Amino acid sequence: MATAAQWIQGARPRTLPMAIAPVVVGSAAAFELDAFKPLNALLAALVAVLFQIGVNYANDYSDGIRGTDDQRVGPMRLTASRAAPARAVKQAAFLCFGLAMLAGLVLIILSRTWPLLLVGIGCVIAAWGYTGGSNPYGYRGLGEVFVFLFFGIVATMGTTYTQALQVSWPSFIGAVGTGLIATALLMANNVRDIPTDRKVGKRTLAVRIGDEAARISYVMMLAVALLLPLVLVYDHPWVLLVLLLVPLCLLPSWTMLKGQQRDSLIPVLQQTGVINLGFAAAYGLGLVLSAVV
């Protein structure tokens with residue numbers, strides 16, 4: 001049986017900023033609407049983190065039993081390495097999904113946002129269908145669409161809605177920004193895995209568009225994420241704080257464009273996660289300061 005440290009590694013902590021960032025942005029948008037609710041924000045963060053860990057375990061299980069991860073560059077996988085039984089990894093995934101749904105139900109009851117029950121069910125179906133089932137959409141180049149929608153639009157605007165019972169233009173702009181950065185993180189991961197994914201028939205978007213185009217798309221996604229908030233500058237001048245993240249983007253962008261060794265792309269995942277948290281902090285602070293100053 002895997003050790004506790006291996007289970008933590010299997011949860012892929014480097015990807016957790018994808019879960020936290022949209023909640024920060026969505027809560028800041030709710031604050032601007034004079035409707036910030038700390039308990040609701042905490043519950044939303046719990047839901048997002050549990051879903052992210054559940055997705056990671058589900059991917060570990062599904063890719064492991066298919067043999068996709070038998071030869072790969074990057075952190076250990078529980079199923080492929082035989083460190084943990086496949087069944088145990090699958091159970092861990094559904095335990096996380098169940099706990100996420102429970103926390104989400106509490107959030108829905110508190111906020112009385114009953115339509116979000118359907119959104120929660122959709123999240124579980126989409127999370128499992130990414131690499132699980134007989135026809136996983138992650139193997140058809142649609143994984144980036146899932147990440148952008150659920151870890152960008154749904155998570156951000158859902159957080160705002162459960163606090164303010166409405167959404168706003170700043171909430172949407174922030175959702176697109178954090179969604180693009182999360183998608184860039186997935187793209188970096190998939191560029192690293194192009195040779196092994198192509199060999200086993202996993203046609204991610206990176207495999208479909210090719211190595212060079214996938215690397216360029218990473219840089220473009222970061223650029224759009226940082227520039228898009230500028231459309232709000234007239235009414236929200238403090239969102240200019242997001243431009244402070246430009247230096248943080250230079251190293252991972254250079255590595256993506258020039259790094260030829262696949263293992264050289266591994267640090268880009270953590271760096272992109274830091275960028276996503278930085279975006280959430282800078283953009284969120286910009287909304288708050290624009291509302292109070």
# chains A, B, ... in the order shown; residues from 1 in each chain; ligands from 1
$ closest_atom_pairs --of "segment 42-156 of chain A" --to "segment 220-234 of chain A" --cutoff "12 Å" --atoms "only C-alpha atoms" --output "CSV"
residue,atom,partner,partner_atom,distance
A:Glu144,CA,A:Met221,CA,11.5
A:Phe148,CA,A:Met221,CA,11.0
A:Gly152,CA,A:Ala225,CA,11.3
$ closest_residue --among "A:Ala5, A:Leu165, A:Ala93, A:Ala280" --to "Ile181 of chain A" --atoms "only C-alpha atoms"
A:Ala280
$ atom_distance --atom1 "atom CA of Tyr137 of chain A" --atom2 "atom CA of Thr204 of chain A"
9.0 Å
$ residues_around --residues "Thr272 of chain A" --least-positions-apart "6" --cutoff "12 Å" --atoms "only C-alpha atoms" --output "PyMOL selection string"
chain A and resi 14-18+21+178+180-189+218-219+221-222+245+248-253+255-256+265-266+278-279
$ residues_around --residues "Phe150 of chain A" --least-positions-apart "6" --cutoff "12 Å" --atoms "only C-alpha atoms" --output "ChimeraX atom specification"
/A:18-19,22-23,48,51-52,55,119-120,122-127,130,143-144,156-159,175-176,178-180,182-183
$ write_last_selection --atoms "C-alpha atoms" --output "tab-separated table (two decimals), in the first residue's frame"
chain	number	residue	atom	x	y	z
A	18	MET	CA	-6.25	25.94	-10.18
A	19	ALA	CA	-8.91	25.29	-7.54
A	22	PRO	CA	-11.18	31.11	-9.11
A	23	VAL	CA	-12.65	31.21	-5.60
A	48	ALA	CA	-13.04	23.31	-5.57
A	51	PHE	CA	-12.98	18.31	-6.90
A	52	GLN	CA	-9.44	19.02	-8.08
A	55	VAL	CA	-9.99	14.69	-10.74
A	119	VAL	CA	-24.07	22.23	-11.96
A	120	GLY	CA	-22.58	20.05	-9.21
A	122	GLY	CA	-22.43	18.08	-14.16
A	123	CYS	CA	-19.05	18.69	-12.51
A	124	VAL	CA	-18.84	15.09	-11.26
A	125	ILE	CA	-19.84	13.67	-14.65
A	126	ALA	CA	-17.34	15.89	-16.44
A	127	ALA	CA	-14.58	15.13	-13.93
A	130	TYR	CA	-12.21	13.44	-18.64
A	143	GLY	CA	-9.48	18.45	-21.80
A	144	GLU	CA	-8.62	22.11	-22.13
A	156	THR	CA	-15.37	31.78	-10.50
A	157	MET	CA	-18.85	32.91	-11.40
A	158	GLY	CA	-20.40	30.21	-9.25
A	159	THR	CA	-18.48	31.57	-6.27
A	175	ALA	CA	-13.18	33.90	-14.77
A	176	VAL	CA	-11.74	34.02	-18.28
A	178	THR	CA	-7.97	32.40	-14.31
A	179	GLY	CA	-9.49	29.83	-16.67
A	180	LEU	CA	-6.88	30.60	-19.33
A	182	ALA	CA	-5.39	26.94	-15.60
A	183	THR	CA	-5.68	25.80	-19.22
$ select_by_dssp --residues "segment 62-206 of chain A" --states "alpha helix (DSSP H)" --output "PyMOL selection string"
chain A and resi 62-66+86-111+116-129+143-148+155-164+169-192+194-200+205-206
$ closest_residue --among "A:Leu107, A:Leu117, A:Val147, A:Met1" --to "Thr79 of chain A" --atoms "only C-alpha atoms"
A:Met1
$ atom_distance --atom1 "atom CA of Ile173 of chain A" --atom2 "atom CA of Ile153 of chain A"
9.2 Å
$ closest_residue --among "A:Ile275, A:Ile109, A:Ala164, A:Leu118" --to "Asp34 of chain A" --atoms "only C-alpha atoms"
A:Ala164
$ atom_distance --atom1 "atom CA of Trp7 of chain A" --atom2 "atom CA of Phe97 of chain A"
16.2 Å
$ residues_around --residues "Val292 of chain A" --least-positions-apart "5" --cutoff "10 Å" --atoms "only C-alpha atoms" --output "PyMOL selection string"
chain A and resi 31-32+287
$ write_last_selection --atoms "C-alpha atoms" --output "compact mmCIF listing (two decimals), in the first residue's frame"
# COMPACT_ATOMS: atom_id res chain seq x y z
CA PHE A 31 -17.05 42.00 -2.42
CA GLU A 32 -17.31 44.61 -5.16
CA LEU A 287 -11.39 44.86 -7.56
$ closest_residue --among "A:Trp238, A:Tyr139, A:Trp114, A:Phe36" --to "Gln163 of chain A" --atoms "only C-alpha atoms"
A:Phe36
